[in-house]
file target.pdb (PDB, C-alpha atoms)
ATOM      1  CA  MET A   4     -49.915  11.181 -12.829
ATOM      2  CA  PRO A   5     -47.843  12.842 -15.518
ATOM      3  CA  PRO A   6     -49.146  12.476 -19.041
ATOM      4  CA  ARG A   7     -47.593   9.856 -21.245
ATOM      5  CA  HIS A   8     -47.250  10.027 -25.026
ATOM      6  CA  GLY A   9     -50.233  11.765 -26.563
ATOM      7  CA  GLY A  10     -51.190  13.554 -23.335
ATOM      8  CA  LYS A  11     -53.020  10.576 -21.839
ATOM      9  CA  PRO A  12     -52.271   9.883 -18.182
ATOM     10  CA  GLU A  13     -50.269   6.742 -17.544
ATOM     11  CA  ARG A  14     -52.202   4.072 -15.668
ATOM     12  CA  VAL A  15     -50.242   2.058 -13.141
ATOM     13  CA  THR A  16     -51.332  -1.566 -13.047
ATOM     14  CA  ASP A  17     -50.479  -4.527 -10.882
ATOM     15  CA  ALA A  18     -48.296  -5.721 -13.773
ATOM     16  CA  ASP A  19     -46.329  -2.443 -13.629
ATOM     17  CA  ASP A  20     -45.837  -2.875  -9.884
ATOM     18  CA  LEU A  21     -44.822  -6.500 -10.341
ATOM     19  CA  GLU A  22     -42.352  -5.607 -13.065
ATOM     20  CA  ARG A  23     -40.700  -2.961 -10.876
ATOM     21  CA  GLU A  24     -40.497  -5.467  -8.022
ATOM     22  CA  LEU A  25     -39.025  -8.124 -10.320
ATOM     23  CA  VAL A  26     -36.316  -5.755 -11.575
ATOM     24  CA  ARG A  27     -35.494  -4.728  -7.980
ATOM     25  CA  ASP A  28     -35.243  -8.387  -6.996
ATOM     26  CA  LEU A  29     -33.075  -9.246 -10.011
ATOM     27  CA  PHE A  30     -30.652  -6.361  -9.405
ATOM     28  CA  PRO A  31     -28.485  -8.293  -6.897
ATOM     29  CA  LEU A  32     -28.177 -11.108  -9.473
ATOM     30  CA  ARG A  33     -26.741  -8.820 -12.148
ATOM     31  CA  HIS A  34     -23.202 -10.193 -11.581
ATOM     32  CA  ARG A  35     -24.475 -13.657 -12.603
ATOM     33  CA  LEU A  36     -25.672 -12.194 -15.909
ATOM     34  CA  ARG A  37     -22.048 -11.732 -16.913
ATOM     35  CA  ASP A  38     -22.255 -15.419 -17.818
ATOM     36  CA  ASP A  39     -24.006 -15.567 -21.176
ATOM     37  CA  TRP A  40     -25.537 -18.969 -20.361
ATOM     38  CA  PHE A  41     -27.230 -17.585 -17.238
ATOM     39  CA  ALA A  42     -28.434 -14.485 -19.106
ATOM     40  CA  LYS A  43     -29.993 -16.729 -21.766
ATOM     41  CA  GLU A  44     -31.613 -18.996 -19.175
ATOM     42  CA  LEU A  45     -33.014 -15.992 -17.324
ATOM     43  CA  TYR A  46     -34.424 -14.567 -20.567
ATOM     44  CA  GLN A  47     -36.021 -17.931 -21.397
ATOM     45  CA  GLY A  48     -37.541 -18.186 -17.922
ATOM     46  CA  LEU A  49     -38.867 -14.625 -17.890
ATOM     47  CA  SER A  50     -40.542 -14.863 -21.295
ATOM     48  CA  ASN A  51     -43.709 -16.890 -22.006
ATOM     49  CA  THR A  52     -44.146 -17.461 -18.268
ATOM     50  CA  ALA A  53     -46.585 -16.103 -15.698
ATOM     51  CA  TRP A  54     -44.681 -14.933 -12.595
ATOM     52  CA  ARG A  55     -46.242 -14.263  -9.194
ATOM     53  CA  LYS A  56     -44.607 -12.757  -6.124
ATOM     54  CA  ALA A  57     -45.505 -14.069  -2.677
ATOM     55  CA  GLY A  58     -46.543 -11.094  -0.578
ATOM     56  CA  GLY A  59     -46.289  -8.814  -3.619
ATOM     57  CA  PRO A  60     -48.922  -7.026  -5.675
ATOM     58  CA  ASP A  61     -51.915  -9.122  -6.699
ATOM     59  CA  GLY A  62     -51.915 -10.856 -10.026
ATOM     60  CA  HIS A  63     -49.130 -12.094 -12.225
ATOM     61  CA  LEU A  64     -46.584 -10.717 -14.650
ATOM     62  CA  SER A  65     -45.920 -12.027 -18.145
ATOM     63  CA  LEU A  66     -43.158 -10.378 -20.131
ATOM     64  CA  SER A  67     -42.929 -10.156 -23.900
ATOM     65  CA  TRP A  68     -39.823 -11.536 -25.535
ATOM     66  CA  SER A  69     -38.485  -8.041 -26.183
ATOM     67  CA  ARG A  70     -39.228  -6.848 -22.644
ATOM     68  CA  ALA A  71     -37.545  -9.892 -21.073
ATOM     69  CA  GLU A  72     -34.533  -9.297 -23.333
ATOM     70  CA  ARG A  73     -34.368  -5.638 -22.352
ATOM     71  CA  ILE A  74     -34.487  -6.391 -18.610
ATOM     72  CA  VAL A  75     -31.668  -8.928 -18.905
ATOM     73  CA  ASN A  76     -29.552  -6.589 -21.044
ATOM     74  CA  GLU A  77     -30.104  -3.549 -18.819
ATOM     75  CA  LEU A  78     -28.813  -5.572 -15.859
ATOM     76  CA  ARG A  79     -25.845  -6.814 -17.921
ATOM     77  CA  GLU A  80     -24.990  -3.273 -18.949
ATOM     78  CA  ARG A  81     -24.833  -2.279 -15.258
ATOM     79  CA  GLU A  82     -21.865  -4.642 -15.040
ATOM     80  CA  GLY A  83     -20.293  -3.252 -18.220
ATOM     81  CA  ASP A  84     -21.236  -6.243 -20.369
ATOM     82  CA  PRO A  85     -22.537  -5.922 -23.921
ATOM     83  CA  PRO A  86     -26.176  -6.699 -24.681
ATOM     84  CA  LEU A  87     -27.140 -10.085 -26.068
ATOM     85  CA  ASP A  88     -29.581 -10.860 -28.878
ATOM     86  CA  LEU A  89     -32.048 -12.996 -26.946
ATOM     87  CA  ALA A  90     -35.560 -12.330 -28.239
ATOM     88  CA  GLN A  91     -36.962 -15.223 -30.278
ATOM     89  CA  THR A  92     -33.815 -17.338 -29.875
ATOM     90  CA  GLY A  93     -35.729 -20.369 -28.603
ATOM     91  CA  GLY A  94     -36.551 -21.870 -25.261
ATOM     92  CA  GLU A  95     -38.988 -19.103 -24.312
ATOM     93  CA  GLY A  96     -41.061 -20.260 -21.356
ATOM     94  CA  GLU A  97     -38.507 -22.813 -20.127
ATOM     95  CA  VAL A  98     -37.602 -22.131 -16.504
ATOM     96  CA  SER A  99     -34.306 -23.862 -15.756
ATOM     97  CA  ASP A 100     -33.648 -25.307 -12.311
ATOM     98  CA  THR A 101     -31.059 -22.564 -11.738
ATOM     99  CA  VAL A 102     -33.423 -19.715 -12.619
ATOM    100  CA  GLY A 103     -36.298 -21.352 -10.742
ATOM    101  CA  GLU A 104     -34.164 -21.650  -7.616
ATOM    102  CA  GLU A 105     -32.814 -18.092  -7.851
ATOM    103  CA  LEU A 106     -36.235 -16.508  -8.349
ATOM    104  CA  GLY A 107     -37.936 -18.941  -5.963
ATOM    105  CA  GLY A 108     -35.497 -17.847  -3.266
ATOM    106  CA  LEU A 109     -36.696 -14.279  -3.862
ATOM    107  CA  GLY A 110     -40.365 -15.247  -3.441
ATOM    108  CA  TRP A 111     -41.265 -15.651  -7.121
ATOM    109  CA  SER A 112     -43.105 -18.623  -8.590
ATOM    110  CA  ALA A 113     -43.648 -19.497 -12.240
ATOM    111  CA  ALA A 114     -46.527 -21.045 -14.125
ATOM    112  CA  PRO A 115     -46.828 -21.739 -17.861
ATOM    113  CA  LEU A 116     -48.352 -18.840 -19.763
ATOM    114  CA  ASP A 117     -51.696 -19.483 -21.443
ATOM    115  CA  THR A 118     -50.883 -18.097 -24.891
ATOM    116  CA  GLY A 119     -54.316 -19.032 -26.224
ATOM    117  CA  ARG A 120     -55.981 -15.979 -24.688
ATOM    118  CA  HIS A 121     -55.337 -12.256 -24.229
ATOM    119  CA  ASP A 122     -53.464 -11.481 -21.019
ATOM    120  CA  ASP A 123     -53.838  -7.987 -19.539
ATOM    121  CA  ALA A 124     -50.711  -8.642 -17.450
ATOM    122  CA  HIS A 125     -48.562  -9.077 -20.581
ATOM    123  CA  VAL A 126     -45.886  -6.377 -20.498
ATOM    124  CA  ASP A 127     -44.352  -5.358 -23.795
ATOM    125  CA  ASP A 128     -41.969  -2.615 -24.788
ATOM    126  CA  PRO A 129     -43.560   0.508 -26.221
ATOM    127  CA  GLU A 130     -43.643   0.700 -29.984
ATOM    128  CA  ASP A 131     -40.158   1.466 -31.234
ATOM    129  CA  PRO A 132     -39.693   4.315 -33.683
ATOM    130  CA  PRO A 133     -38.362   3.330 -37.087
ATOM    131  CA  PRO A 134     -34.589   2.892 -37.180
ATOM    132  CA  ALA A 135     -32.528   5.990 -37.878
ATOM    133  CA  SER A 136     -31.573   4.565 -41.255
ATOM    134  CA  ALA A 137     -35.206   4.342 -42.411
ATOM    135  CA  GLY A 138     -35.641   6.475 -45.479
ATOM    136  CA  SER A 139     -31.921   7.261 -45.670
ATOM    137  CA  GLY A 140     -31.255   4.678 -48.362
ATOM    138  CA  GLU A 141     -28.876   2.826 -46.024
ATOM    139  CA  PRO A 142     -29.863  -0.631 -44.751
ATOM    140  CA  PRO A 143     -30.142  -1.046 -40.979
ATOM    141  CA  ASP A 144     -27.033  -2.332 -39.166
ATOM    142  CA  TRP A 145     -28.464  -5.821 -38.633
ATOM    143  CA  GLU A 146     -29.146  -6.189 -42.355
ATOM    144  CA  ARG A 147     -25.712  -4.892 -43.342
ATOM    145  CA  ARG A 148     -24.035  -7.337 -40.879
ATOM    146  CA  ALA A 149     -26.135 -10.233 -42.183
ATOM    147  CA  HIS A 150     -25.068  -9.494 -45.766
ATOM    148  CA  GLU A 151     -21.407  -9.167 -44.739
ATOM    149  CA  GLU A 152     -21.565 -12.508 -42.922
ATOM    150  CA  ALA A 153     -23.243 -14.198 -45.905
ATOM    151  CA  ASP A 154     -20.559 -12.791 -48.221
ATOM    152  CA  ARG A 155     -17.781 -14.101 -45.934
ATOM    153  CA  ARG A 156     -19.297 -17.612 -45.991
ATOM    154  CA  GLN A 157     -19.218 -17.738 -49.831
TER
END
call {"tool": "encode", "arguments": {"input": "target.pdb", "output": "structure tokens"}}
result
Amino acid sequence: MPPRHGGKPERVTDADDLERELVRDLFPLRHRLRDDWFAKELYQGLSNTAWRKAGGPDGHLSLSWSRAERIVNELREREGDPPLDLAQTGGEGEVSDTVGEELGGLGWSAAPLDTGRHDDAHVDDPEDPPPASAGSGEPPDWERRAHEEADRRQ
């Protein structure tokens, strides 16, 4: 395997295989993600949930909030839609009937995630580098927008 950051070889796990399979299975649904409500429901269902695939790799997959958000937004971007701010917006772990039916039809089943223990199948995004504005004296875009919005409300 090719080395990953720091020269250490990347280890493929069942969770990695399950994540790739999930993304492949979700790809045909990307047109549904044009609807913001469905994108939000999919994010909520993917996060704080243990997903298993019938006939797939052993084990289960549990996605971090940021990883679930990224998967949803990458599929939206394939359709030319802008990304949504989904992580930590509430409802994480709630699998709607619509999402349950869509994923169930693809062989996936959900179970509540036991957040009281460490889960080796928890997939998170790699550590992000500091924003480009760090150290430049300029606030990050999100902070600048928040201040502009607060000023408009006054």
call {"tool": "resolve_selection", "arguments": {"input": "target.pdb", "expression": "the PyMOL selection byres ((chain A and resi 54) around 8)", "output": "VMD selection string"}}
result
chain A and resid 49 52 to 53 55 to 56 63 to 65 111 to 114
call {"tool": "atom_distance", "arguments": {"input": "target.pdb", "atom1": "atom CA of A:Thr92", "atom2": "atom CA of A:Ser69"}}
result
11.0 Å
call {"tool": "resolve_selection", "arguments": {"input": "target.pdb", "expression": "the PyMOL selection byres ((chain A and resi 30) around 12)", "output": "PyMOL selection string"}}
result
chain A and resi 23-29+31-36+74-82+106+109
call {"tool": "residues_near_point", "arguments": {"input": "target.pdb", "point": "(-45.9, -17.2, -21.1)", "cutoff": "7 Å", "atoms": "only C-alpha atoms", "output": "list of chain:residue names"}}
result
A:Ser50, A:Asn51, A:Thr52, A:Ala53, A:Ser65, A:Gly96, A:Pro115, A:Leu116, A:Asp117, A:Thr118
call {"tool": "atom_distance", "arguments": {"input": "target.pdb", "atom1": "atom CA of A:Gly62", "atom2": "atom CA of A:Leu21"}}
result
8.3 Å
call {"tool": "residues_near_point", "arguments": {"input": "target.pdb", "point": "(-28.5, -8.3, -27.0)", "cutoff": "8 Å", "atoms": "only C-alpha atoms", "output": "list in words"}}
result
Glu72, Arg73, Asn76, Pro85, Pro86, Leu87, Asp88 and Leu89 of chain A
call {"tool": "atom_distance", "arguments": {"input": "target.pdb", "atom1": "atom CA of A:Ser67", "atom2": "atom CA of A:Glu44"}}
result
15.1 Å
call {"tool": "closest_residue", "arguments": {"input": "target.pdb", "among": "A:Ala57, A:Lys43, A:Arg70, A:Arg37", "to": "A:Glu22", "atoms": "all atoms listed in the file"}}
result
A:Arg70
